[in-house]
>>> print(open('model-v8.csv').read())   # CSV, C-alpha atoms
chain,number,residue,atom,x,y,z
A,1,GLN,CA,113.9,91.1,189.7
A,2,VAL,CA,111.0,90.6,192.2
A,3,ASN,CA,113.1,88.7,194.7
A,4,ILE,CA,115.8,91.5,194.8
A,5,VAL,CA,113.3,94.2,195.4
A,6,GLU,CA,111.5,92.1,198.1
A,7,ARG,CA,114.8,91.3,199.8
A,8,THR,CA,116.2,94.9,199.9
A,9,VAL,CA,112.9,96.3,201.1
A,10,ALA,CA,112.6,93.7,203.8
A,11,GLY,CA,116.2,94.6,204.9
A,12,GLY,CA,115.1,98.2,205.5
A,13,ALA,CA,116.0,99.8,202.2
A,14,ASN,CA,113.6,102.1,200.3
A,15,ASP,CA,111.5,100.5,197.6
A,16,PRO,CA,113.0,101.7,194.3
A,17,THR,CA,109.6,101.5,192.7
A,18,SER,CA,108.2,104.2,195.1
A,19,VAL,CA,109.1,106.9,192.6
A,20,PHE,CA,106.1,105.8,190.5
A,21,ASP,CA,103.6,106.0,193.5
A,22,PHE,CA,101.0,108.6,193.7
A,23,SER,CA,97.4,109.0,194.9
A,24,THR,CA,94.2,109.6,193.0
A,25,GLU,CA,91.1,111.4,194.2
A,26,GLU,CA,87.8,109.9,193.3
A,27,ARG,CA,84.8,112.2,193.7
A,28,LEU,CA,81.2,110.8,193.5
A,29,GLN,CA,78.1,112.9,193.8
A,30,CYS,CA,74.5,111.7,194.0
A,31,SER,CA,72.3,113.4,191.4
A,32,GLU,CA,69.3,113.6,193.7
A,33,CYS,CA,70.6,114.6,197.1
A,34,SER,CA,73.7,116.3,195.7
A,35,ARG,CA,75.8,114.8,198.6
A,36,VAL,CA,79.4,113.8,197.7
A,37,ARG,CA,82.0,111.2,198.7
A,38,TYR,CA,85.7,111.6,198.3
A,39,LYS,CA,88.1,108.6,198.2
A,40,THR,CA,91.9,108.5,197.7
A,41,GLN,CA,93.7,105.5,196.3
A,42,LYS,CA,97.4,104.7,196.0
A,43,VAL,CA,98.4,103.8,192.5
A,44,SER,CA,101.6,103.5,190.4
A,45,SER,CA,100.4,104.4,186.9
A,46,ALA,CA,97.7,106.2,185.0
A,47,SER,CA,95.5,104.6,182.3
A,48,LEU,CA,95.1,107.0,179.4
A,49,PRO,CA,92.1,106.7,177.1
A,50,VAL,CA,92.4,107.7,173.5
A,51,ILE,CA,89.8,109.3,171.2
A,52,LYS,CA,89.1,107.3,168.1
A,53,ARG,CA,88.4,109.8,165.3
A,54,PRO,CA,88.5,108.1,161.9
A,55,VAL,CA,90.2,110.0,159.1
A,56,THR,CA,87.7,111.7,156.9
A,57,ASN,CA,89.8,113.8,154.5
A,58,ALA,CA,93.4,114.7,153.7
A,59,ILE,CA,93.3,117.7,156.1
A,60,ASP,CA,93.0,115.4,159.1
A,61,THR,CA,96.5,113.9,158.7
A,62,LEU,CA,99.5,114.0,156.4
A,63,ASP,CA,99.8,110.1,156.5
A,64,SER,CA,97.8,108.6,153.6
A,65,GLN,CA,97.8,105.2,155.4
A,66,ALA,CA,96.5,106.5,158.7
A,67,GLN,CA,93.1,105.3,159.9
A,68,PHE,CA,92.7,107.7,162.7
A,69,ALA,CA,93.3,111.4,163.1
A,70,PRO,CA,95.8,112.6,165.7
A,71,VAL,CA,94.6,113.5,169.2
A,72,SER,CA,96.5,115.7,171.7
A,73,LEU,CA,97.7,114.6,175.1
A,74,LYS,CA,95.5,117.3,176.6
A,75,GLU,CA,92.4,115.7,175.0
A,76,CYS,CA,93.3,112.3,176.5
A,77,LEU,CA,93.9,113.8,180.0
A,78,ASP,CA,90.6,115.7,179.7
A,79,LEU,CA,88.8,112.5,178.9
A,80,MET,CA,90.6,110.6,181.7
A,81,THR,CA,89.5,113.1,184.4
A,82,SER,CA,86.0,113.8,183.0
A,83,ASP,CA,82.7,113.0,184.7
A,84,GLU,CA,81.1,109.7,184.1
A,85,THR,CA,77.6,108.5,184.9
A,86,VAL,CA,77.0,105.7,187.3
A,87,ASP,CA,73.5,104.2,186.9
A,88,GLY,CA,71.9,102.2,189.7
A,89,TYR,CA,73.9,103.8,192.4
A,90,ASN,CA,72.5,102.9,195.8
A,91,CYS,CA,72.6,106.2,197.6
A,92,PRO,CA,73.0,105.7,201.4
A,93,GLN,CA,71.3,109.2,201.9
A,94,CYS,CA,68.4,108.7,199.5
A,95,GLN,CA,68.0,105.0,200.5
A,96,LYS,CA,67.2,104.1,196.9
A,97,PRO,CA,68.9,103.5,193.5
A,98,THR,CA,69.8,106.8,191.9
A,99,THR,CA,72.3,108.1,189.3
A,100,ALA,CA,75.7,109.3,190.4
A,101,ILE,CA,78.4,111.4,188.7
A,102,LYS,CA,82.0,110.1,189.3
A,103,SER,CA,85.3,111.6,188.3
A,104,THR,CA,88.9,110.7,189.1
A,105,LYS,CA,91.8,113.2,189.3
A,106,PHE,CA,95.3,113.4,190.8
A,107,ALA,CA,95.5,113.8,194.6
A,108,THR,CA,99.3,113.8,194.4
A,109,PHE,CA,102.0,113.7,191.7
A,110,PRO,CA,104.7,111.1,191.5
A,111,LYS,CA,108.4,111.7,190.9
A,112,VAL,CA,108.0,109.6,187.7
A,113,LEU,CA,104.6,109.4,186.1
A,114,ALA,CA,103.9,106.3,184.0
A,115,MET,CA,101.0,106.6,181.6
A,116,GLN,CA,99.7,103.5,179.8
A,117,VAL,CA,97.7,104.2,176.7
A,118,ARG,CA,94.6,102.1,176.0
A,119,ARG,CA,95.6,101.2,172.4
A,120,PHE,CA,93.1,98.3,172.0
A,121,GLU,CA,89.5,97.6,171.4
A,122,LEU,CA,87.3,94.6,170.8
A,123,VAL,CA,86.2,93.9,167.2
A,124,ASN,CA,84.0,90.8,166.9
A,125,TRP,CA,85.3,89.8,170.3
A,126,VAL,CA,88.9,90.0,169.2
A,127,PRO,CA,91.3,92.6,170.7
A,128,GLN,CA,92.6,94.9,168.0
A,129,LYS,CA,95.3,97.5,168.1
A,130,LEU,CA,94.4,101.2,167.8
A,131,ASP,CA,96.9,103.2,165.9
A,132,VAL,CA,95.7,106.5,167.1
A,133,PRO,CA,98.5,109.1,167.0
A,134,VAL,CA,98.8,110.9,170.4
A,135,GLN,CA,100.6,114.2,170.1
A,136,VAL,CA,102.8,114.5,173.2
A,137,PRO,CA,104.9,117.6,173.8
A,138,LEU,CA,108.6,117.0,174.3
A,139,ASP,CA,108.9,120.1,176.6
A,140,GLN,CA,107.2,120.8,179.9
A,141,ILE,CA,103.6,120.0,180.7
A,142,ASP,CA,101.7,121.2,183.7
A,143,LEU,CA,99.1,118.7,185.2
A,144,GLU,CA,97.8,121.2,187.8
A,145,PRO,CA,94.4,121.5,186.0
A,146,TYR,CA,93.9,117.7,186.6
A,147,LYS,CA,94.4,117.9,190.4
A,148,GLY,CA,91.6,117.2,192.7
A,149,ARG,CA,90.6,119.9,195.2
A,150,GLY,CA,89.0,117.8,198.0
A,151,ILE,CA,85.7,118.7,199.6
A,152,GLN,CA,84.6,122.2,198.8
A,153,PRO,CA,82.7,124.8,200.9
A,154,GLY,CA,79.0,124.0,200.9
A,155,GLU,CA,79.4,120.4,200.0
A,156,GLU,CA,77.8,117.8,202.2
A,157,LEU,CA,79.3,114.3,202.6
A,158,LEU,CA,77.4,111.1,202.0
A,159,PRO,CA,77.0,108.8,205.0
A,160,GLU,CA,79.8,106.3,205.4
A,161,THR,CA,78.9,102.8,204.0
A,162,ASP,CA,80.4,100.0,202.0
A,163,ASP,CA,81.4,101.2,198.5
A,164,ALA,CA,80.8,97.8,196.9
A,165,ALA,CA,77.3,97.7,198.2
A,166,ASP,CA,76.6,101.2,196.9
A,167,ALA,CA,77.9,100.4,193.4
A,168,ALA,CA,75.9,97.1,193.1
A,169,PRO,CA,72.4,97.1,191.7
A,170,ALA,CA,69.7,97.3,194.3
A,171,SER,CA,68.4,93.9,193.3
A,172,ALA,CA,71.4,92.0,194.5
A,173,PRO,CA,74.4,92.3,196.8
A,174,ALA,CA,77.8,92.9,195.1
A,175,ASP,CA,79.0,89.3,195.6
A,176,GLU,CA,75.7,87.8,194.3
A,177,GLN,CA,75.6,89.7,191.0
A,178,ALA,CA,74.9,87.4,188.0
A,179,VAL,CA,77.6,87.7,185.4
A,180,ASP,CA,77.3,87.4,181.6
A,181,GLU,CA,79.0,84.0,181.0
A,182,GLU,CA,79.4,84.8,177.3
A,183,VAL,CA,81.6,87.9,178.2
A,184,VAL,CA,83.5,85.8,180.7
A,185,SER,CA,84.2,83.2,178.1
A,186,GLN,CA,85.4,85.8,175.6
A,187,LEU,CA,87.8,87.2,178.2
A,188,GLU,CA,89.0,83.7,179.2
A,189,SER,CA,89.8,83.0,175.5
A,190,MET,CA,92.2,86.0,175.6
A,191,GLY,CA,94.2,84.3,178.3
A,192,PHE,CA,92.9,86.0,181.4
A,193,PRO,CA,92.2,83.8,184.5
A,194,ARG,CA,88.5,83.1,185.2
A,195,VAL,CA,88.6,84.8,188.6
A,196,ARG,CA,89.9,88.0,187.0
A,197,CYS,CA,87.3,87.8,184.2
A,198,VAL,CA,84.4,87.4,186.6
A,199,LYS,CA,85.6,90.2,188.9
A,200,ALA,CA,86.0,92.5,185.9
A,201,VAL,CA,82.5,91.8,184.6
A,202,LYS,CA,81.0,92.4,188.0
A,203,LYS,CA,83.0,95.6,188.6
A,204,THR,CA,81.8,97.0,185.3
A,205,GLY,CA,78.2,96.1,185.9
A,206,ASN,CA,77.9,93.6,183.0
A,207,CYS,CA,78.5,96.4,180.5
A,208,GLY,CA,80.3,94.2,177.9
A,209,ALA,CA,83.7,92.6,177.1
A,210,GLU,CA,85.4,95.9,176.2
A,211,ALA,CA,84.6,97.6,179.5
A,212,ALA,CA,85.6,94.5,181.4
A,213,MET,CA,88.9,94.2,179.5
A,214,ASN,CA,89.7,97.9,180.2
A,215,TRP,CA,89.0,97.3,183.9
A,216,ILE,CA,91.5,94.3,183.8
A,217,PHE,CA,94.2,96.4,182.2
A,218,GLU,CA,93.6,99.2,184.7
A,219,HIS,CA,93.8,96.9,187.7
A,220,MET,CA,96.6,94.6,186.6
A,221,ASP,CA,98.7,95.6,189.6
A,222,ASP,CA,96.0,95.2,192.3
A,223,ALA,CA,97.1,92.8,194.9
A,224,ASP,CA,93.7,91.2,195.1
A,225,ILE,CA,92.9,91.1,191.4
A,226,ASP,CA,92.9,87.3,191.4
A,227,ILE,CA,91.1,86.9,194.8
A,228,PRO,CA,87.3,86.3,194.3
A,229,ASP,CA,85.1,88.9,195.9
A,230,ASP,CA,83.3,86.3,197.8
A,231,ALA,CA,86.4,84.6,199.2
A,232,PRO,CA,86.2,84.1,202.9
A,233,ALA,CA,88.5,86.1,205.1
A,234,ALA,CA,91.7,84.2,206.0
A,235,SER,CA,95.1,84.7,207.6
A,236,GLY,CA,96.7,84.5,204.1
A,237,PRO,CA,95.9,83.9,200.4
A,238,SER,CA,94.8,80.4,199.5
A,239,VAL,CA,97.1,78.4,197.4
A,240,ASP,CA,96.5,76.2,194.4
A,241,PRO,CA,97.0,72.5,195.2
A,242,GLU,CA,98.2,71.8,191.7
A,243,ALA,CA,100.9,74.6,192.0
A,244,VAL,CA,101.9,73.1,195.3
A,245,GLU,CA,102.4,69.7,193.7
A,246,GLN,CA,104.4,71.1,190.8
A,247,LEU,CA,106.8,73.0,193.1
A,248,MET,CA,107.1,70.1,195.5
A,249,ALA,CA,108.1,67.9,192.5
A,250,MET,CA,111.2,70.1,192.2
A,251,GLY,CA,112.4,69.0,195.7
A,252,PHE,CA,111.0,71.7,197.9
A,253,SER,CA,109.1,71.0,201.1
A,254,LYS,CA,105.3,71.4,201.2
A,255,GLU,CA,105.6,73.9,204.1
A,256,ARG,CA,108.0,76.2,202.2
A,257,VAL,CA,106.1,75.9,198.9
A,258,GLU,CA,102.8,76.9,200.6
A,259,LYS,CA,104.5,79.7,202.5
A,260,GLU,CA,106.1,81.2,199.3
A,261,LEU,CA,102.9,80.8,197.3
A,262,ALA,CA,101.0,82.7,200.1
A,263,LYS,CA,103.6,85.5,200.1
A,264,THR,CA,103.4,85.9,196.3
A,265,GLY,CA,99.6,85.8,196.0
A,266,GLY,CA,99.6,82.3,194.6
A,267,ASP,CA,101.8,83.2,191.6
A,268,PRO,CA,103.9,80.0,191.0
A,269,ASN,CA,106.6,81.7,189.0
A,270,ARG,CA,107.3,84.3,191.7
A,271,ALA,CA,107.1,81.6,194.3
A,272,LEU,CA,109.7,79.5,192.4
A,273,ASP,CA,111.9,82.6,192.1
A,274,ARG,CA,111.9,83.0,195.9
A,275,LEU,CA,112.4,79.3,196.5
A,276,LEU,CA,115.5,79.3,194.3
A,277,ASN,CA,117.0,82.5,195.7
A,278,PHE,CA,115.9,82.6,199.4
A,279,ASP,CA,116.8,80.1,202.0
A,280,GLY,CA,113.7,80.7,204.0
A,281,THR,CA,115.4,82.2,207.0
A,282,GLU,CA,114.3,85.8,206.1
A,283,ASP,CA,110.8,84.9,207.3
A,284,ASP,CA,112.0,84.8,210.9
A,285,VAL,CA,113.6,88.3,210.7
A,286,ALA,CA,111.4,91.3,211.5
A,287,MET,CA,111.0,93.7,208.7
A,288,THR,CA,112.7,96.5,210.4
A,289,SER,CA,115.2,99.1,209.5
A,290,PRO,CA,118.9,98.9,210.6
A,291,GLU,CA,118.0,101.2,213.5
A,292,GLY,CA,115.3,98.8,214.6
A,293,SER,CA,112.3,100.9,213.7
A,294,ALA,CA,109.7,99.5,211.3
A,295,ALA,CA,110.5,100.0,207.7
A,296,VAL,CA,108.4,102.7,206.1
A,297,ALA,CA,107.9,103.0,202.4
A,298,MET,CA,109.3,106.3,201.4
A,299,SER,CA,107.2,108.0,198.8
A,300,ASP,CA,108.4,110.7,196.4
A,301,ASP,CA,104.9,112.0,195.5
A,302,SER,CA,104.1,115.7,195.9
A,303,GLU,CA,100.9,117.6,196.4
A,304,SER,CA,102.1,120.8,194.7
A,305,ALA,CA,104.8,120.1,192.1
A,306,SER,CA,102.9,119.4,188.9
A,307,VAL,CA,105.2,120.2,186.0
A,308,PHE,CA,106.6,117.3,184.1
A,309,GLU,CA,108.8,116.5,181.1
A,310,LEU,CA,108.7,113.5,178.9
A,311,THR,CA,111.8,111.4,179.6
A,312,GLY,CA,110.9,108.1,178.0
A,313,PHE,CA,108.4,106.0,176.1
A,314,VAL,CA,107.9,102.5,174.9
A,315,SER,CA,106.4,101.7,171.4
A,316,HIS,CA,105.1,98.5,169.8
A,317,LYS,CA,105.9,97.7,166.3
A,318,GLY,CA,103.4,95.4,164.6
A,319,SER,CA,99.8,95.3,163.5
A,320,SER,CA,98.6,92.8,166.1
A,321,VAL,CA,98.3,92.9,169.9
A,322,HIS,CA,99.5,89.2,169.9
A,323,CYS,CA,102.9,89.7,168.4
A,324,GLY,CA,105.4,92.4,167.3
A,325,HIS,CA,108.4,94.1,168.6
A,326,TYR,CA,108.9,96.7,171.4
A,327,ILE,CA,111.4,99.5,171.3
A,328,ALA,CA,112.2,102.2,173.9
A,329,ASN,CA,113.2,105.9,173.6
A,330,VAL,CA,115.0,107.4,176.6
A,331,ARG,CA,115.9,111.0,177.3
A,332,GLN,CA,119.1,111.9,179.1
A,333,GLY,CA,118.8,115.1,181.1
A,334,LEU,CA,116.0,117.7,181.4
A,335,GLY,CA,115.5,121.1,179.9
A,336,ALA,CA,117.5,122.4,176.9
A,337,ASP,CA,120.6,120.3,177.5
A,338,THR,CA,119.2,116.9,176.6
A,339,GLN,CA,119.8,114.0,174.3
A,340,TRP,CA,117.4,111.3,173.2
A,341,PHE,CA,118.4,107.7,172.6
A,342,LEU,CA,116.7,104.8,170.8
A,343,PHE,CA,117.0,101.3,172.4
A,344,ASN,CA,116.2,98.5,169.9
A,345,ASP,CA,117.4,95.2,171.3
A,346,ALA,CA,121.2,95.4,171.3
A,347,LYS,CA,121.3,98.6,169.1
A,348,VAL,CA,121.4,102.0,170.8
A,349,VAL,CA,121.6,105.1,168.7
A,350,ALA,CA,121.3,108.9,169.4
A,351,GLN,CA,118.2,110.6,168.1
A,352,GLU,CA,117.6,114.2,167.1
A,353,SER,CA,113.8,114.1,167.0
A,354,PRO,CA,112.0,111.1,168.6
A,355,ASP,CA,108.4,110.3,167.6
A,356,PRO,CA,106.2,109.5,170.6
A,357,GLU,CA,102.9,109.5,168.8
A,358,GLN,CA,102.4,105.7,168.7
A,359,ALA,CA,103.8,104.8,172.2
A,360,TYR,CA,102.0,102.4,174.6
A,361,ILE,CA,103.7,103.7,177.7
A,362,TYR,CA,104.9,107.3,178.5
A,363,LEU,CA,107.2,108.2,181.3
A,364,PHE,CA,107.2,111.7,182.6
A,365,THR,CA,109.7,113.0,185.2
A,366,ARG,CA,108.5,115.7,187.6
A,367,ASN,CA,110.5,118.9,187.2
A,368,ASP,CA,111.0,120.0,190.8
>>> encode(input="model-v8.csv", output="structure tokens")
Amino acid sequence: QVNIVERTVAGGANDPTSVFDFSTEERLQCSECSRVRYKTQKVSSASLPVIKRPVTNAIDTLDSQAQFAPVSLKECLDLMTSDETVDGYNCPQCQKPTTAIKSTKFATFPKVLAMQVRRFELVNWVPQKLDVPVQVPLDQIDLEPYKGRGIQPGEELLPETDDAADAAPASAPADEQAVDEEVVSQLESMGFPRVRCVKAVKKTGNCGAEAAMNWIFEHMDDADIDIPDDAPAASGPSVDPEAVEQLMAMGFSKERVEKELAKTGGDPNRALDRLLNFDGTEDDVAMTSPEGSAAVAMSDDSESASVFELTGFVSHKGSSVHCGHYIANVRQGLGADTQWFLFNDAKVVAQESPDPEQAYIYLFTRND
């Protein structure tokens, strides 16, 4: 649970989720001056796009009920790391709007790589599930071809400036961009908070609900995803007065409620979890290791080890994104001496040949 992780890390222990951490390298190049910018970002999962190829004949697939032809994991990785065009880029060197080419690759590789597959699309403003079979090898895969190389000989760097200002259209600052309220309303109808919807529409340049929804799913774990871009700088996150009242009605003091809401980014459920399990005294204890030195998040990512093996995946059974049933397949051991198991609620059975083609989440373990 969240409170257990927070407590152990605060006490000096390593964060158990650090095995998922790695860095990505974003490369952006102006098409006019050819100067480049490199930026690294710490993330904990990769969002894998799928290629939608409708079945046209019996040769495409052996499944007569299939709507889409299978795609390979390599095709999805190629698409994820391919170049994309950024229109209206405000180049700090050219001092005018230009077109830029952007790509994102791995800067480091985690101990356990989590890949979330984008198995959804908007059809008449309604999210629909995409049953695209993804052919994932059960043996080793090498992700070295998808690793960023950093600045190369002969490349010139763009002047340092604010990234958000560069990405915004020249006609308006990033925090003053007009948003398509129809798209915002569509996203809100799916259950997303308004702040998140507005931010997604802005970040994707008003390119439609599907692009905004993809952005939301890719940035679900961002600490500031529910903080407005134009929010004033403050010593801590603002808290919702209604959430404060609800938690105070359970018998907690206003000071403690506001403190826990601030620590959890305004999430009332996580704040309640902390209120029920913490006595509040841990806030007076410095987050130091037992030896007295500041606790440092230990990362298991690597710049060189790039060979992985599939060790687990989660699949969704059901035709709708709004309901259904999740099952998990887990592999015990690596290499030839392995055994797969199916976890379906209380039932656990051994498997000879698992089928990962319709999974939503893949877990790959680095083979050091």
>>> closest_residue(input="model-v8.csv", among="A:Ile151, A:Val239, A:Ala69, A:Leu79", to="Lys39 of chain A", atoms="only C-alpha atoms")
A:Ile151
>>> atom_distance(input="model-v8.csv", atom1="atom CA of Thr98 of chain A", atom2="atom CA of Arg35 of chain A")
12.0 Å
>>> closest_residue(input="model-v8.csv", among="A:Pro268, A:Val321, A:Asp78, A:Thr311", to="Met190 of chain A", atoms="all atoms listed in the file")
A:Val321
>>> atom_distance(input="model-v8.csv", atom1="atom CA of Val330 of chain A", atom2="atom CA of Glu121 of chain A")
27.8 Å
>>> atom_distance(input="model-v8.csv", atom1="atom CA of Cys197 of chain A", atom2="atom CA of Ile227 of chain A")
11.3 Å
>>> residues_around(input="model-v8.csv", residues="segment 255-257 of chain A", least_positions_apart="5", cutoff="9 Å", atoms="only C-alpha atoms", output="VMD selection string")
chain A and resid 243 to 245 247 to 248 262 271 to 272 275 280
>>> closest_residue(input="model-v8.csv", among="A:Ser23, A:Gln358, A:Thr338, A:Thr365", to="Tyr326 of chain A", atoms="all atoms listed in the file")
A:Gln358
>>> residues_near_point(input="model-v8.csv", point="(78.9, 95.7, 184.5)", cutoff="12 Å", atoms="all atoms listed in the file", output="PyMOL selection string")
chain A and resi 86-88+167-169+174+177-180+183-184+197-215
>>> closest_residue(input="model-v8.csv", among="A:Ser47, A:Ser306, A:Gln339, A:Gln351", to="Asn367 of chain A", atoms="only C-alpha atoms")
A:Ser306
>>> closest_residue(input="model-v8.csv", among="A:Thr104, A:Asn269, A:Thr17, A:Gln135", to="Ser44 of chain A", atoms="all atoms listed in the file")
A:Thr17
>>> closest_residue(input="model-v8.csv", among="A:Ala100, A:Leu342, A:Val195, A:Val126", to="Arg37 of chain A", atoms="only C-alpha atoms")
A:Ala100
>>> residues_near_point(input="model-v8.csv", point="(95.5, 103.3, 173.6)", cutoff="9 Å", atoms="all atoms listed in the file", output="PyMOL selection string")
chain A and resi 47-51+116-121+129-132+134+358-360
>>> build_atoms(input="model-v8.csv", residues="segment 124-132 of chain A", atoms="all heavy atoms", output="mmCIF file, in the coordinates of the input")
data_model
loop_
_atom_site.group_PDB
_atom_site.id
_atom_site.type_symbol
_atom_site.label_atom_id
_atom_site.label_comp_id
_atom_site.auth_asym_id
_atom_site.auth_seq_id
_atom_site.Cartn_x
_atom_site.Cartn_y
_atom_site.Cartn_z
ATOM 1 N N ASN A 124 84.529 92.200 167.018
ATOM 2 C CA ASN A 124 84.000 90.800 166.900
ATOM 3 C C ASN A 124 84.681 89.934 167.968
ATOM 4 O O ASN A 124 85.100 88.803 167.700
ATOM 5 C CB ASN A 124 84.280 90.262 165.511
ATOM 6 C CG ASN A 124 83.488 90.998 164.453
ATOM 7 O OD1 ASN A 124 82.363 91.436 164.690
ATOM 8 N ND2 ASN A 124 84.087 91.161 163.274
ATOM 9 N N TRP A 125 84.777 90.469 169.180
ATOM 10 C CA TRP A 125 85.300 89.800 170.300
ATOM 11 C C TRP A 125 86.801 89.487 170.251
ATOM 12 O O TRP A 125 87.322 88.674 171.014
ATOM 13 C CB TRP A 125 84.534 88.481 170.600
ATOM 14 C CG TRP A 125 83.068 88.696 170.741
ATOM 15 C CD1 TRP A 125 82.100 88.383 169.849
ATOM 16 C CD2 TRP A 125 82.399 89.322 171.844
ATOM 17 N NE1 TRP A 125 80.863 88.755 170.307
ATOM 18 C CE2 TRP A 125 81.026 89.339 171.541
ATOM 19 C CE3 TRP A 125 82.820 89.874 173.062
ATOM 20 C CZ2 TRP A 125 80.078 89.874 172.395
ATOM 21 C CZ3 TRP A 125 81.861 90.398 173.909
ATOM 22 C CH2 TRP A 125 80.516 90.399 173.577
ATOM 23 N N VAL A 126 87.488 90.135 169.342
ATOM 24 C CA VAL A 126 88.900 90.000 169.200
ATOM 25 C C VAL A 126 89.618 91.279 169.491
ATOM 26 O O VAL A 126 89.245 92.304 168.925
ATOM 27 C CB VAL A 126 89.292 89.481 167.771
ATOM 28 C CG1 VAL A 126 90.804 89.361 167.621
ATOM 29 C CG2 VAL A 126 88.609 88.163 167.458
ATOM 30 N N PRO A 127 90.620 91.306 170.406
ATOM 31 C CA PRO A 127 91.300 92.600 170.700
ATOM 32 C C PRO A 127 92.103 93.047 169.479
ATOM 33 O O PRO A 127 92.860 92.287 168.873
ATOM 34 C CB PRO A 127 92.241 92.211 171.863
ATOM 35 C CG PRO A 127 92.396 90.730 171.800
ATOM 36 C CD PRO A 127 91.130 90.186 171.221
ATOM 37 N N GLN A 128 91.906 94.293 169.120
ATOM 38 C CA GLN A 128 92.600 94.900 168.000
ATOM 39 C C GLN A 128 93.381 96.120 168.444
ATOM 40 O O GLN A 128 92.970 96.820 169.359
ATOM 41 C CB GLN A 128 91.584 95.314 166.909
ATOM 42 C CG GLN A 128 90.735 94.188 166.345
ATOM 43 C CD GLN A 128 91.518 93.280 165.411
ATOM 44 O OE1 GLN A 128 92.583 93.656 164.924
ATOM 45 N NE2 GLN A 128 90.994 92.092 165.160
ATOM 46 N N LYS A 129 94.496 96.350 167.790
ATOM 47 C CA LYS A 129 95.300 97.500 168.100
ATOM 48 C C LYS A 129 94.759 98.762 167.507
ATOM 49 O O LYS A 129 94.242 98.758 166.393
ATOM 50 C CB LYS A 129 96.751 97.234 167.556
ATOM 51 C CG LYS A 129 97.755 98.319 167.873
ATOM 52 C CD LYS A 129 99.133 97.939 167.326
ATOM 53 C CE LYS A 129 100.150 99.046 167.551
ATOM 54 N NZ LYS A 129 101.483 98.687 167.002
ATOM 55 N N LEU A 130 94.828 99.845 168.273
ATOM 56 C CA LEU A 130 94.400 101.200 167.800
ATOM 57 C C LEU A 130 95.566 102.049 167.524
ATOM 58 O O LEU A 130 96.259 102.478 168.434
ATOM 59 C CB LEU A 130 93.478 101.821 168.879
ATOM 60 C CG LEU A 130 92.023 101.354 169.006
ATOM 61 C CD1 LEU A 130 91.360 102.064 170.169
ATOM 62 C CD2 LEU A 130 91.261 101.616 167.722
ATOM 63 N N ASP A 131 95.806 102.323 166.268
ATOM 64 C CA ASP A 131 96.900 103.200 165.900
ATOM 65 C C ASP A 131 96.492 104.632 165.837
ATOM 66 O O ASP A 131 96.495 105.274 164.778
ATOM 67 C CB ASP A 131 97.505 102.735 164.535
ATOM 68 C CG ASP A 131 98.235 101.409 164.623
ATOM 69 O OD1 ASP A 131 98.913 101.188 165.641
ATOM 70 O OD2 ASP A 131 98.120 100.592 163.691
ATOM 71 N N VAL A 132 96.121 105.142 167.004
ATOM 72 C CA VAL A 132 95.700 106.500 167.100
ATOM 73 C C VAL A 132 96.947 107.368 167.502
ATOM 74 O O VAL A 132 97.514 107.171 168.578
ATOM 75 C CB VAL A 132 94.616 106.727 168.172
ATOM 76 C CG1 VAL A 132 94.243 108.201 168.296
ATOM 77 C CG2 VAL A 132 93.390 105.892 167.832
#
